[in-house]
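Each remark here refers to the structure printed beneath this line.
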Amino acid sequence: QVQLVESGGGLVQAGGSLRLSCVASTRSNVKIGAMEWFRQAPGKQRSLVAFISSSGTTNYAGSVKGRFTISRDNTKNTVYLQMNNLKPEDTAVYYCYTVATPAGHYWGQGTQVTVSS
């Protein structure tokens, strides 16, 4: 009932920036709640990067605080992740996640971010 489509990943040099987007497509009776970005590097577990509630409250993983900014446009059911001063350790597949009412929990397909040193 909810489809999440991420975009904006790519290859960037260390110190560069990327902006990820995730659009949630739903039926009219489904309400999108909190939206989150996770990432998973090869051989590692998927971990939370940033969270934004439906009212705009944000939270970040310590490793990205001060470099990444999460935001959302509720009129477009879209969440963004602005990533600045990227580091090689930020290399991962980035996933969008949301909890929708009454539909449940949903993941996007992921977008690859590669940071070269």
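Residues are named by chain letter and number: chains run A, B, ... in the order of the structure tokens, numbers start at 1 in each chain, and ligands are numbered from 1 in the order shown.
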
Can you tell me which residues surround A:Leu48 at a distance of at most 10 Å, considering only C-alpha atoms, apart from same-chain residues fewer than 6 positions away, and format the answer as an NGL selection string? :A and (36-40 or 59-61 or 94-97)

Distance criterion (only C-alpha atoms): nearest to A:Ala92 out of A:Ser117, A:Gln45, A:Ser71, A:Ser7: A:Gln45

Step one, run DSSP on the backbone; step two, keep only residues of stretch 78-117 of chain A assigned to strand (DSSP E or B); then write them as a ChimeraX atom specification. /A:78-83,92-101,104-107,111-116

Residues within 8 Å of A:Gly15, please, as an mmCIF file with N, CA, C and O atoms, in the first residue's frame. Count only C-alpha atoms; anything in the same chain fewer than 4 positions from it doesn't count.
data_model
loop_
_atom_site.group_PDB
_atom_site.id
_atom_site.type_symbol
_atom_site.label_atom_id
_atom_site.label_comp_id
_atom_site.auth_asym_id
_atom_site.auth_seq_id
_atom_site.Cartn_x
_atom_site.Cartn_y
_atom_site.Cartn_z
ATOM 1 N N ASN A 84 26.752 16.344 3.612
ATOM 2 C CA ASN A 84 27.896 17.200 3.340
ATOM 3 C C ASN A 84 29.155 16.617 3.959
ATOM 4 O O ASN A 84 29.090 15.785 4.863
ATOM 5 N N ASN A 85 30.296 17.083 3.475
ATOM 6 C CA ASN A 85 31.583 16.630 3.997
ATOM 7 C C ASN A 85 31.623 15.100 4.084
ATOM 8 O O ASN A 85 31.959 14.527 5.136
ATOM 9 N N LEU A 86 31.274 14.460 2.986
ATOM 10 C CA LEU A 86 31.219 13.004 2.970
ATOM 11 C C LEU A 86 32.591 12.382 3.167
ATOM 12 O O LEU A 86 33.609 12.928 2.721
ATOM 13 N N LYS A 87 32.587 11.227 3.828
ATOM 14 C CA LYS A 87 33.808 10.490 4.137
ATOM 15 C C LYS A 87 33.719 9.097 3.519
ATOM 16 O O LYS A 87 32.614 8.576 3.311
#

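Of the listed residues A:Ser54, A:Ser21, A:Gln13, A:Asn74, the one whose atoms come nearest to A:Val99 is A:Ser54, with distances taken using only C-alpha atoms.
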